[in-house]
$ cat entry_2.cif   # mmCIF, C-alpha atoms
data_model
loop_
_atom_site.group_PDB
_atom_site.id
_atom_site.type_symbol
_atom_site.label_atom_id
_atom_site.label_comp_id
_atom_site.auth_asym_id
_atom_site.auth_seq_id
_atom_site.Cartn_x
_atom_site.Cartn_y
_atom_site.Cartn_z
ATOM 1 C CA MET A 48 0.000 0.000 0.000
ATOM 2 C CA PRO A 49 1.596 3.336 -1.051
ATOM 3 C CA PHE A 50 0.239 5.360 1.882
ATOM 4 C CA VAL A 51 1.350 4.570 5.426
ATOM 5 C CA GLU A 52 0.601 6.252 8.730
ATOM 6 C CA LYS A 53 3.699 7.032 10.784
ATOM 7 C CA LYS A 54 4.082 8.213 14.372
ATOM 8 C CA PHE A 55 6.360 11.108 15.360
ATOM 9 C CA ILE A 56 7.187 12.722 18.722
ATOM 10 C CA ILE A 57 7.645 16.506 18.862
ATOM 11 C CA ASP A 58 9.805 17.289 21.897
ATOM 12 C CA LYS A 59 9.540 21.067 21.793
ATOM 13 C CA GLU A 60 6.517 23.073 20.639
ATOM 14 C CA ILE A 61 6.892 24.194 17.020
ATOM 15 C CA GLN A 62 4.736 25.165 14.056
ATOM 16 C CA ILE A 63 3.725 21.915 12.409
ATOM 17 C CA PHE A 64 4.865 22.894 8.908
ATOM 18 C CA LEU A 65 8.364 23.653 10.211
ATOM 19 C CA PHE A 66 8.523 20.290 11.970
ATOM 20 C CA LEU A 67 7.490 18.529 8.760
ATOM 21 C CA MET A 68 10.028 20.472 6.689
ATOM 22 C CA ARG A 69 12.908 19.642 9.016
ATOM 23 C CA THR A 70 11.973 16.048 9.827
ATOM 24 C CA LEU A 71 10.832 14.880 6.389
ATOM 25 C CA LYS A 72 13.132 17.153 4.335
ATOM 26 C CA LEU A 73 10.162 18.782 2.596
ATOM 27 C CA SER A 74 9.883 22.141 0.872
ATOM 28 C CA HIS A 75 7.742 24.824 2.492
ATOM 29 C CA GLY A 76 4.980 24.219 -0.061
ATOM 30 C CA ASP A 77 4.999 20.436 0.264
ATOM 31 C CA ALA A 78 4.854 20.642 4.070
ATOM 32 C CA GLN A 79 1.838 22.954 3.885
ATOM 33 C CA LYS A 80 0.196 20.715 1.293
ATOM 34 C CA LEU A 81 0.544 17.710 3.612
ATOM 35 C CA VAL A 82 -1.436 19.560 6.278
ATOM 36 C CA HIS A 83 -4.035 20.949 3.871
ATOM 37 C CA LYS A 84 -4.707 17.429 2.572
ATOM 38 C CA GLY A 85 -5.635 16.336 6.097
ATOM 39 C CA ARG A 86 -2.683 13.974 6.489
ATOM 40 C CA VAL A 87 -1.536 15.206 9.899
ATOM 41 C CA LYS A 88 -3.444 14.144 13.014
ATOM 42 C CA GLN A 89 -3.113 14.379 16.774
ATOM 43 C CA HIS A 90 -5.343 12.270 19.024
ATOM 44 C CA ASP A 91 -7.326 11.299 15.878
ATOM 45 C CA ILE A 92 -8.120 14.963 15.177
ATOM 46 C CA VAL A 93 -7.018 16.300 11.782
ATOM 47 C CA VAL A 94 -4.731 19.336 11.916
ATOM 48 C CA THR A 95 -6.085 21.988 9.535
ATOM 49 C CA SER A 96 -3.574 24.854 9.717
ATOM 50 C CA PRO A 97 0.140 24.531 8.813
ATOM 51 C CA SER A 98 0.985 27.254 11.358
ATOM 52 C CA THR A 99 -0.534 25.355 14.316
ATOM 53 C CA MET A 100 1.874 25.147 17.257
ATOM 54 C CA MET A 101 2.239 21.509 18.260
ATOM 55 C CA SER A 102 4.106 19.182 20.591
ATOM 56 C CA GLY A 103 3.784 15.588 21.681
ATOM 57 C CA GLU A 104 2.758 12.628 19.553
ATOM 58 C CA ILE A 105 1.414 13.146 16.028
ATOM 59 C CA ASN A 106 0.519 10.835 13.160
ATOM 60 C CA VAL A 107 1.369 11.661 9.557
ATOM 61 C CA ILE A 108 0.072 9.857 6.464
ATOM 62 C CA LEU A 109 2.908 9.576 3.943
ATOM 63 C CA PHE A 110 3.318 8.151 0.468
ATOM 64 C CA GLU A 111 5.958 5.410 0.327
ATOM 65 C CA ALA A 112 6.705 3.908 -3.046
ATOM 66 C CA LEU A 113 6.179 0.199 -3.539
ATOM 67 C CA GLU A 114 8.650 -1.941 -5.449
ATOM 68 C CA PHE A 115 7.089 -1.443 -8.891
ATOM 69 C CA ASP A 116 9.473 -2.923 -11.430
ATOM 70 C CA ILE A 117 8.824 -0.695 -14.436
ATOM 71 C CA GLU A 118 12.053 1.024 -15.418
ATOM 72 C CA PRO A 119 12.077 4.277 -17.388
ATOM 73 C CA ILE A 120 12.857 3.781 -21.077
ATOM 74 C CA PHE A 121 14.680 7.115 -21.141
ATOM 75 C CA SER A 122 16.033 9.398 -18.416
ATOM 76 C CA THR A 123 18.123 12.510 -17.790
ATOM 77 C CA LYS A 124 19.090 14.231 -14.532
ATOM 78 C CA ASP A 125 15.814 16.198 -14.796
ATOM 79 C CA PHE A 126 13.136 13.827 -16.086
ATOM 80 C CA MET A 127 12.248 10.245 -16.945
ATOM 81 C CA ILE A 128 9.947 8.677 -19.533
ATOM 82 C CA PHE A 129 8.058 5.447 -18.875
ATOM 83 C CA ASP A 130 6.075 3.054 -21.070
ATOM 84 C CA LYS A 131 2.973 2.722 -18.876
ATOM 85 C CA PRO A 132 1.030 -0.555 -19.076
ATOM 86 C CA SER A 133 -2.712 -0.453 -19.603
ATOM 87 C CA GLY A 134 -4.669 -0.803 -16.358
ATOM 88 C CA VAL A 135 -2.226 1.091 -14.121
ATOM 89 C CA LEU A 136 -3.145 4.454 -12.610
ATOM 90 C CA VAL A 137 -0.728 7.355 -13.055
ATOM 91 C CA HIS A 138 -1.329 8.624 -9.514
ATOM 92 C CA PRO A 139 -3.034 6.956 -6.516
ATOM 93 C CA THR A 140 -6.635 8.115 -6.169
ATOM 94 C CA ASN A 141 -6.803 7.424 -2.443
ATOM 95 C CA ARG A 142 -4.924 5.793 0.440
ATOM 96 C CA TRP A 143 -6.004 2.328 -0.670
ATOM 97 C CA THR A 144 -4.814 2.445 -4.289
ATOM 98 C CA PRO A 145 -2.602 -0.667 -4.400
ATOM 99 C CA LEU A 146 -0.168 0.434 -7.103
ATOM 100 C CA SER A 147 0.382 3.369 -9.462
ATOM 101 C CA MET A 148 3.049 4.768 -11.765
ATOM 102 C CA LEU A 149 4.042 7.123 -8.956
ATOM 103 C CA ASP A 150 5.573 4.092 -7.229
ATOM 104 C CA ALA A 151 7.874 3.528 -10.214
ATOM 105 C CA MET A 152 8.660 7.237 -10.501
ATOM 106 C CA ARG A 153 9.667 7.518 -6.855
ATOM 107 C CA ARG A 154 11.633 4.262 -7.008
ATOM 108 C CA TYR A 155 13.789 5.403 -9.928
ATOM 109 C CA GLY A 156 13.675 9.179 -9.514
ATOM 110 C CA GLY A 157 13.548 9.755 -5.771
ATOM 111 C CA SER A 158 10.988 11.276 -3.416
ATOM 112 C CA ALA A 159 10.524 14.476 -5.443
ATOM 113 C CA ALA A 160 9.637 12.679 -8.696
ATOM 114 C CA ASN A 161 6.148 13.423 -10.010
ATOM 115 C CA PRO A 162 4.075 12.908 -13.179
ATOM 116 C CA VAL A 163 3.860 16.089 -15.270
ATOM 117 C CA HIS A 164 0.768 15.031 -17.244
ATOM 118 C CA ARG A 165 -1.930 12.375 -17.092
ATOM 119 C CA ILE A 166 -3.106 9.577 -19.332
ATOM 120 C CA ASP A 167 -6.123 7.427 -18.578
ATOM 121 C CA LYS A 168 -5.698 4.295 -16.494
ATOM 122 C CA GLU A 169 -6.503 2.036 -19.463
ATOM 123 C CA THR A 170 -4.410 3.977 -21.977
ATOM 124 C CA SER A 171 -0.932 2.516 -22.342
ATOM 125 C CA GLY A 172 2.214 4.249 -23.521
ATOM 126 C CA LEU A 173 4.526 7.178 -22.895
ATOM 127 C CA LEU A 174 4.374 9.011 -19.581
ATOM 128 C CA VAL A 175 6.755 11.763 -18.437
ATOM 129 C CA SER A 176 7.947 12.202 -14.851
ATOM 130 C CA SER A 177 10.015 15.056 -13.460
ATOM 131 C CA ILE A 178 12.818 14.244 -11.002
ATOM 132 C CA HIS A 179 12.881 17.568 -9.151
ATOM 133 C CA LYS A 180 10.568 20.524 -8.608
ATOM 134 C CA ASP A 181 12.133 22.896 -11.134
ATOM 135 C CA ALA A 182 11.760 20.318 -13.903
ATOM 136 C CA GLU A 183 8.191 19.626 -12.802
ATOM 137 C CA VAL A 184 7.213 23.280 -13.207
ATOM 138 C CA ILE A 185 8.859 23.594 -16.643
ATOM 139 C CA LEU A 186 7.485 20.339 -18.041
ATOM 140 C CA LYS A 187 3.959 20.866 -16.710
ATOM 141 C CA GLY A 188 4.020 24.283 -18.373
ATOM 142 C CA ALA A 189 5.070 22.705 -21.663
ATOM 143 C CA PHE A 190 2.142 20.272 -21.583
ATOM 144 C CA GLU A 191 -0.364 22.927 -20.507
ATOM 145 C CA ASN A 192 0.815 25.416 -23.154
ATOM 146 C CA ARG A 193 0.849 22.886 -26.025
ATOM 147 C CA GLY A 194 4.611 22.798 -26.164
ATOM 148 C CA VAL A 195 4.532 19.000 -26.421
ATOM 149 C CA LYS A 196 3.641 17.240 -29.669
ATOM 150 C CA LYS A 197 1.935 13.908 -29.067
ATOM 151 C CA SER A 198 0.650 11.042 -31.163
ATOM 152 C CA TYR A 199 -1.393 7.984 -30.237
ATOM 153 C CA LEU A 200 -2.311 4.674 -31.813
ATOM 154 C CA ALA A 201 -5.850 3.332 -31.624
ATOM 155 C CA TRP A 202 -7.656 0.251 -32.874
ATOM 156 C CA VAL A 203 -11.144 1.387 -33.833
ATOM 157 C CA ASP A 204 -14.368 -0.199 -34.969
ATOM 158 C CA GLY A 205 -14.898 -0.369 -38.730
ATOM 159 C CA LYS A 206 -12.948 0.343 -41.892
ATOM 160 C CA ILE A 207 -11.319 3.723 -42.526
ATOM 161 C CA ASP A 208 -9.563 4.311 -45.851
ATOM 162 C CA ASN A 209 -8.578 7.979 -45.812
ATOM 163 C CA ASP A 210 -6.965 10.549 -43.536
ATOM 164 C CA PHE A 211 -9.461 12.821 -41.804
ATOM 165 C CA GLU A 212 -9.776 15.332 -39.000
ATOM 166 C CA VAL A 213 -12.387 16.163 -36.394
ATOM 167 C CA ASP A 214 -12.697 19.811 -35.433
ATOM 168 C CA LYS A 215 -15.453 19.786 -32.834
ATOM 169 C CA PRO A 216 -15.644 21.639 -29.484
ATOM 170 C CA ILE A 217 -15.602 19.518 -26.332
ATOM 171 C CA LEU A 218 -17.515 20.255 -23.138
ATOM 172 C CA LYS A 219 -17.140 18.477 -19.790
ATOM 173 C CA ARG A 220 -20.421 16.981 -18.646
ATOM 174 C CA ASP A 221 -21.874 17.620 -15.200
ATOM 175 C CA ASN A 222 -24.676 15.052 -15.195
ATOM 176 C CA TYR A 223 -24.212 11.294 -15.612
ATOM 177 C CA ASP A 224 -27.762 10.165 -14.768
ATOM 178 C CA PHE A 225 -28.596 9.046 -18.308
ATOM 179 C CA ILE A 226 -25.225 8.777 -20.027
ATOM 180 C CA LYS A 227 -21.796 8.049 -18.567
ATOM 181 C CA HIS A 228 -19.702 10.067 -21.018
ATOM 182 C CA LYS A 229 -17.277 12.379 -19.223
ATOM 183 C CA VAL A 230 -17.341 14.855 -22.109
ATOM 184 C CA GLU A 231 -19.549 15.641 -25.087
ATOM 185 C CA ILE A 232 -19.429 17.437 -28.418
ATOM 186 C CA ASN A 233 -21.066 20.779 -27.733
ATOM 187 C CA ASP A 234 -20.903 24.177 -29.446
ATOM 188 C CA THR A 235 -20.341 25.827 -26.055
ATOM 189 C CA GLY A 236 -17.281 23.668 -25.364
ATOM 190 C CA LYS A 237 -13.582 24.329 -25.928
ATOM 191 C CA ILE A 238 -12.133 24.307 -29.437
ATOM 192 C CA SER A 239 -10.627 20.868 -30.150
ATOM 193 C CA LEU A 240 -8.901 19.389 -33.180
ATOM 194 C CA THR A 241 -7.648 15.848 -33.818
ATOM 195 C CA ARG A 242 -6.160 14.484 -37.033
ATOM 196 C CA PHE A 243 -6.359 10.785 -37.889
ATOM 197 C CA TYR A 244 -4.333 8.607 -40.290
ATOM 198 C CA PRO A 245 -5.264 4.972 -41.085
ATOM 199 C CA LEU A 246 -2.316 2.574 -40.912
ATOM 200 C CA GLU A 247 -3.802 -0.915 -41.168
ATOM 201 C CA TYR A 248 -7.154 -2.668 -41.596
ATOM 202 C CA ASP A 249 -8.073 -6.179 -40.458
ATOM 203 C CA GLU A 250 -11.082 -7.479 -42.378
ATOM 204 C CA LYS A 251 -11.790 -10.419 -40.052
ATOM 205 C CA LEU A 252 -11.942 -8.115 -37.030
ATOM 206 C CA ASP A 253 -13.422 -5.192 -38.986
ATOM 207 C CA ALA A 254 -10.937 -2.973 -37.154
ATOM 208 C CA THR A 255 -8.633 -0.164 -38.299
ATOM 209 C CA LEU A 256 -5.371 0.891 -36.678
ATOM 210 C CA LEU A 257 -5.180 4.701 -36.608
ATOM 211 C CA ARG A 258 -2.445 7.200 -35.846
ATOM 212 C CA CYS A 259 -4.111 9.984 -33.847
ATOM 213 C CA GLU A 260 -2.625 13.475 -33.446
ATOM 214 C CA PRO A 261 -4.460 15.712 -30.970
ATOM 215 C CA HIS A 262 -3.769 19.413 -31.536
ATOM 216 C CA SER A 263 -5.434 20.367 -28.262
ATOM 217 C CA GLY A 264 -5.374 18.622 -24.905
ATOM 218 C CA ARG A 265 -8.983 18.059 -23.819
ATOM 219 C CA MET A 266 -10.151 15.264 -21.550
ATOM 220 C CA HIS A 267 -11.032 12.132 -23.578
ATOM 221 C CA GLN A 268 -10.478 14.123 -26.779
ATOM 222 C CA ILE A 269 -9.498 11.230 -29.039
ATOM 223 C CA ARG A 270 -12.198 8.994 -27.578
ATOM 224 C CA ILE A 271 -15.069 11.457 -28.054
ATOM 225 C CA HIS A 272 -13.920 12.556 -31.518
ATOM 226 C CA LEU A 273 -13.796 8.953 -32.756
ATOM 227 C CA PHE A 274 -17.137 8.195 -31.153
ATOM 228 C CA HIS A 275 -18.554 11.265 -32.898
ATOM 229 C CA VAL A 276 -17.590 9.922 -36.353
ATOM 230 C CA LYS A 277 -19.001 6.479 -35.425
ATOM 231 C CA HIS A 278 -15.647 4.699 -35.240
ATOM 232 C CA PRO A 279 -15.211 4.411 -31.452
ATOM 233 C CA ILE A 280 -12.102 2.886 -29.957
ATOM 234 C CA LEU A 281 -12.469 -0.840 -29.370
ATOM 235 C CA GLY A 282 -12.674 -1.742 -25.695
ATOM 236 C CA ASP A 283 -13.994 1.697 -24.717
ATOM 237 C CA PRO A 284 -16.495 1.104 -21.890
ATOM 238 C CA LEU A 285 -17.825 4.690 -21.880
ATOM 239 C CA TYR A 286 -18.144 5.886 -25.475
ATOM 240 C CA GLY A 287 -20.124 3.612 -27.766
ATOM 241 C CA THR A 288 -21.739 1.302 -25.200
ATOM 242 C CA ALA A 289 -25.108 1.076 -23.493
ATOM 243 C CA PHE A 290 -25.709 2.855 -20.185
ATOM 244 C CA ASP A 291 -25.785 -0.376 -18.168
ATOM 245 C CA ILE A 292 -22.387 -1.465 -19.543
ATOM 246 C CA SER A 293 -20.788 1.908 -18.738
ATOM 247 C CA ASN A 294 -22.353 1.903 -15.302
ATOM 248 C CA SER A 295 -21.132 -1.622 -14.553
ATOM 249 C CA TYR A 296 -17.624 -0.649 -15.630
ATOM 250 C CA LEU A 297 -17.530 2.430 -13.401
ATOM 251 C CA ASN A 298 -18.791 0.338 -10.487
ATOM 252 C CA MET A 299 -15.995 -2.199 -11.209
ATOM 253 C CA GLU A 300 -18.605 -4.889 -11.839
ATOM 254 C CA LEU A 301 -18.113 -5.466 -15.567
ATOM 255 C CA ASP A 302 -16.996 -9.001 -16.337
ATOM 256 C CA ASP A 303 -14.147 -9.297 -18.887
ATOM 257 C CA GLU A 304 -16.094 -11.743 -21.051
ATOM 258 C CA VAL A 305 -19.104 -9.445 -21.166
ATOM 259 C CA ARG A 306 -16.888 -6.470 -21.882
ATOM 260 C CA ALA A 307 -15.183 -8.277 -24.761
ATOM 261 C CA ILE A 308 -18.557 -8.948 -26.375
ATOM 262 C CA GLU A 309 -20.069 -5.538 -25.660
ATOM 263 C CA THR A 310 -17.083 -3.286 -26.415
ATOM 264 C CA GLY A 311 -14.875 -5.395 -28.669
ATOM 265 C CA ALA A 312 -11.949 -5.860 -26.257
ATOM 266 C CA THR A 313 -11.096 -6.230 -22.575
ATOM 267 C CA ARG A 314 -8.989 -3.033 -22.490
ATOM 268 C CA LEU A 315 -9.141 0.372 -24.112
ATOM 269 C CA MET A 316 -7.274 0.024 -27.405
ATOM 270 C CA LEU A 317 -5.476 3.378 -27.131
ATOM 271 C CA HIS A 318 -1.714 3.863 -26.808
ATOM 272 C CA ALA A 319 0.464 6.984 -26.339
ATOM 273 C CA GLN A 320 3.056 6.340 -29.045
ATOM 274 C CA THR A 321 5.277 9.430 -29.438
ATOM 275 C CA LEU A 322 6.280 12.595 -27.574
ATOM 276 C CA ALA A 323 8.363 15.532 -28.794
ATOM 277 C CA PHE A 324 9.319 18.562 -26.713
ATOM 278 C CA GLU A 325 12.137 20.936 -25.832
ATOM 279 C CA TYR A 326 13.995 20.912 -22.521
ATOM 280 C CA GLY A 327 17.320 22.535 -23.185
ATOM 281 C CA ALA A 328 17.596 20.277 -26.238
ATOM 282 C CA ARG A 329 14.929 18.818 -28.511
ATOM 283 C CA PHE A 330 13.692 15.390 -27.411
ATOM 284 C CA SER A 331 11.697 13.006 -29.580
ATOM 285 C CA ILE A 332 10.690 9.729 -27.919
ATOM 286 C CA GLU A 333 8.835 6.724 -29.313
ATOM 287 C CA SER A 334 7.221 3.931 -27.307
ATOM 288 C CA ARG A 335 8.972 0.567 -27.428
ATOM 289 C CA PHE A 336 5.724 -1.340 -27.013
ATOM 290 C CA ASP A 337 4.440 -3.172 -30.098
ATOM 291 C CA PHE A 338 0.877 -1.879 -29.976
ATOM 292 C CA SER A 339 -0.025 -3.472 -33.296
ATOM 293 C CA GLY A 340 0.348 -6.788 -31.457
ATOM 294 C CA VAL A 341 -2.651 -6.145 -29.207
ATOM 295 C CA ILE A 342 -4.782 -7.018 -32.209
ATOM 296 C CA ARG A 343 -4.874 -10.516 -30.691
ATOM 297 C CA ASP A 344 -6.980 -9.114 -27.836
ATOM 298 C CA ILE A 345 -9.725 -7.762 -30.110
ATOM 299 C CA THR A 346 -12.925 -9.776 -30.203
ATOM 300 C CA PRO A 347 -13.645 -11.164 -33.715
ATOM 301 C CA LYS A 348 -16.385 -9.302 -35.550
ATOM 302 C CA ASP A 349 -18.769 -12.280 -35.586
ATOM 303 C CA LYS A 350 -18.444 -12.783 -31.815
ATOM 304 C CA ARG A 351 -19.020 -9.235 -30.617
ATOM 305 C CA ARG A 352 -22.333 -7.527 -30.180
ATOM 306 C CA PHE A 353 -20.692 -4.122 -30.199
ATOM 307 C CA ASN A 354 -20.987 -1.979 -33.306
ATOM 308 C CA GLY A 355 -20.161 1.650 -32.605
ATOM 309 C CA ARG A 356 -21.627 2.783 -35.920
ATOM 310 C CA ASN A 357 -25.115 1.912 -34.672
ATOM 311 C CA ASN A 358 -24.861 4.258 -31.657
#
$ encode --input "entry_2.cif" --output "structure tokens"
Amino acid sequence: MPFVEKKFIIDKEIQIFLFLMRTLKLSHGDAQKLVHKGRVKQHDIVVTSPSTMMSGEINVILFEALEFDIEPIFSTKDFMIFDKPSGVLVHPTNRWTPLSMLDAMRRYGGSAANPVHRIDKETSGLLVSSIHKDAEVILKGAFENRGVKKSYLAWVDGKIDNDFEVDKPILKRDNYDFIKHKVEINDTGKISLTRFYPLEYDEKLDATLLRCEPHSGRMHQIRIHLFHVKHPILGDPLYGTAFDISNSYLNMELDDEVRAIETGATRLMLHAQTLAFEYGARFSIESRFDFSGVIRDITPKDKRRFNGRNN
């Protein structure tokens, strides 16, 4: 478990953030953040202010990396790049998350290592981690300001012969009572553009391998744009499936066999393939994972109920 609760004794009264800085070798900001997140307690009462004067016994909830044996495929003194497997979270969502990429980042990059962007749990492929705070600020800024060029690979439902683009605004949804999509195509949303290039078609599976280049960084952008043109990504449990299937998935109740029939695969067939950005020098990184090989995990056309073009 990545989060552990540790006991400390404060001999002489001191502001709690100063004690945390000195004892745990934290920056001022990180010590304050630990308190604001409710991870410092005394007598089972959560400490709410970093400036609280404290002494005696306290308990602090800390992240401690597990032995997660995923080595970076590329690293410098400032950052690392990993090939994330499908099904692994980038960051723990709560104290009980058993394993995440943060474990690997901290194992190979030290206690200050952090992800500088996010990819979905089921999306595999390239993930960047900073090693220290200065690099984290610079790299996060590059991702947020579109200074990083990205491409993805996706196996999608149906045959696609020609290059195309989708230029449709995306809006985050605030109601999931009748549909479980996290985002939707909506004229009031943010401008979003994705370009798509067909690479391979498998007639038996009725599936096309696409290269996807998002020119904006919206949540679920590639997924909603492909759903919009009726070629949803195979294995997608949210876009292109019935409400009950999406709901079962979100409640972690969806059986793999049912998912394979209803969505076309047991994982989301989306992979972060390339990254290019500047950090002193120009870096261009390509995933080492053979994503074309996951074709073996796609449900044959005659055995799947799913057909995204009917949605």
$ resolve_selection --input "entry_2.cif" --expression "the PyMOL selection byres ((chain A and resi 275-278) around 7)" --output "number ranges by chain"
A: 203-205, 271-274, 279-280, 355-356
$ residues_around --input "entry_2.cif" --residues "Phe190 (chain A)" --least-positions-apart "4" --cutoff "10 Å" --atoms "only C-alpha atoms" --output "tab-separated table (two decimals) with C-alpha atoms, in the coordinates of the input"
chain	number	residue	atom	x	y	z
A	163	VAL	CA	3.86	16.09	-15.27
A	164	HIS	CA	0.77	15.03	-17.24
A	165	ARG	CA	-1.93	12.38	-17.09
A	185	ILE	CA	8.86	23.59	-16.64
A	186	LEU	CA	7.48	20.34	-18.04
A	194	GLY	CA	4.61	22.80	-26.16
A	195	VAL	CA	4.53	19.00	-26.42
A	196	LYS	CA	3.64	17.24	-29.67
A	197	LYS	CA	1.94	13.91	-29.07
A	264	GLY	CA	-5.37	18.62	-24.90
A	324	PHE	CA	9.32	18.56	-26.71
$ closest_residue --input "entry_2.cif" --among "A:Ala289, A:Met100, A:Ala254, A:Val184" --to "Asp208 (chain A)" --atoms "all atoms listed in the file"
A:Ala254
$ residues_around --input "entry_2.cif" --residues "region 113-126 of chain A" --least-positions-apart "2" --cutoff "12 Å" --atoms "all atoms listed in the file" --output "PyMOL selection string"
chain A and resi 48-51+110-111+128-132+135+139+144-157+159-163+172-187+322+326-328+330-336
$ resolve_selection --input "entry_2.cif" --expression "the PyMOL selection byres ((chain A and resi 52-56) around 6)" --output "PDB file with C-alpha atoms, in the frame of the given file"
ATOM      1  CA  VAL A  51       1.350   4.570   5.426  1.00  0.00           C
ATOM      2  CA  ILE A  57       7.645  16.506  18.862  1.00  0.00           C
ATOM      3  CA  GLY A 103       3.784  15.588  21.681  1.00  0.00           C
ATOM      4  CA  GLU A 104       2.758  12.628  19.553  1.00  0.00           C
ATOM      5  CA  ILE A 105       1.414  13.146  16.028  1.00  0.00           C
ATOM      6  CA  ASN A 106       0.519  10.835  13.160  1.00  0.00           C
ATOM      7  CA  VAL A 107       1.369  11.661   9.557  1.00  0.00           C
ATOM      8  CA  ILE A 108       0.072   9.857   6.464  1.00  0.00           C
TER       9      ILE A 108
END
$ resolve_selection --input "entry_2.cif" --expression "the PyMOL selection byres ((chain A and resi 230) around 6)" --output "list in words"
Leu218, Lys219, Arg220, His228, Lys229 and Glu231 of chain A
$ atom_distance --input "entry_2.cif" --atom1 "CA of Ser263 (chain A)" --atom2 "CA of Asp210 (chain A)"
18.2 Å
$ residues_around --input "entry_2.cif" --residues "His262 (chain A)" --least-positions-apart "5" --cutoff "12 Å" --atoms "only C-alpha atoms" --output "list of chain:residue names"
A:Phe190, A:Asn192, A:Arg193, A:Gly194, A:Val195, A:Lys196, A:Lys197, A:Ser198, A:Tyr199, A:Glu212, A:Val213, A:Asp214, A:Lys215, A:Ile238, A:Ser239, A:Leu240, A:Thr241, A:Arg242, A:Phe243, A:Gln268, A:Ile269
$ atom_distance --input "entry_2.cif" --atom1 "CA of Arg306 (chain A)" --atom2 "CA of Met266 (chain A)"
22.8 Å
$ atom_distance --input "entry_2.cif" --atom1 "CA of Lys227 (chain A)" --atom2 "CA of Asn294 (chain A)"
7.0 Å
$ closest_residue --input "entry_2.cif" --among "A:Ser171, A:Arg270, A:Lys72, A:Ala201" --to "Ile217 (chain A)" --atoms "all atoms listed in the file"
A:Arg270
$ closest_residue --input "entry_2.cif" --among "A:Phe211, A:Tyr223, A:Phe338, A:Phe66" --to "Leu315 (chain A)" --atoms "all atoms listed in the file"
A:Phe338
$ closest_residue --input "entry_2.cif" --among "A:Val94, A:Ile226, A:Ile308, A:Leu73" --to "Ser293 (chain A)" --atoms "all atoms listed in the file"
A:Ile226
$ residues_around --input "entry_2.cif" --residues "Lys348 (chain A)" --least-positions-apart "4" --cutoff "7 Å" --atoms "only C-alpha atoms" --output "count of residues only"
3
$ closest_residue --input "entry_2.cif" --among "A:Glu169, A:Asp77, A:Asp291, A:Glu250" --to "Arg314 (chain A)" --atoms "all atoms listed in the file"
A:Glu169
$ closest_residue --input "entry_2.cif" --among "A:Ile232, A:Leu285, A:Arg352, A:His267" --to "Leu297 (chain A)" --atoms "only C-alpha atoms"
A:Leu285
$ residues_around --input "entry_2.cif" --residues "Leu200 (chain A)" --least-positions-apart "3" --cutoff "7 Å" --atoms "all atoms listed in the file" --output "MDAnalysis selection string"
chainID A and resid 256:259 317:320
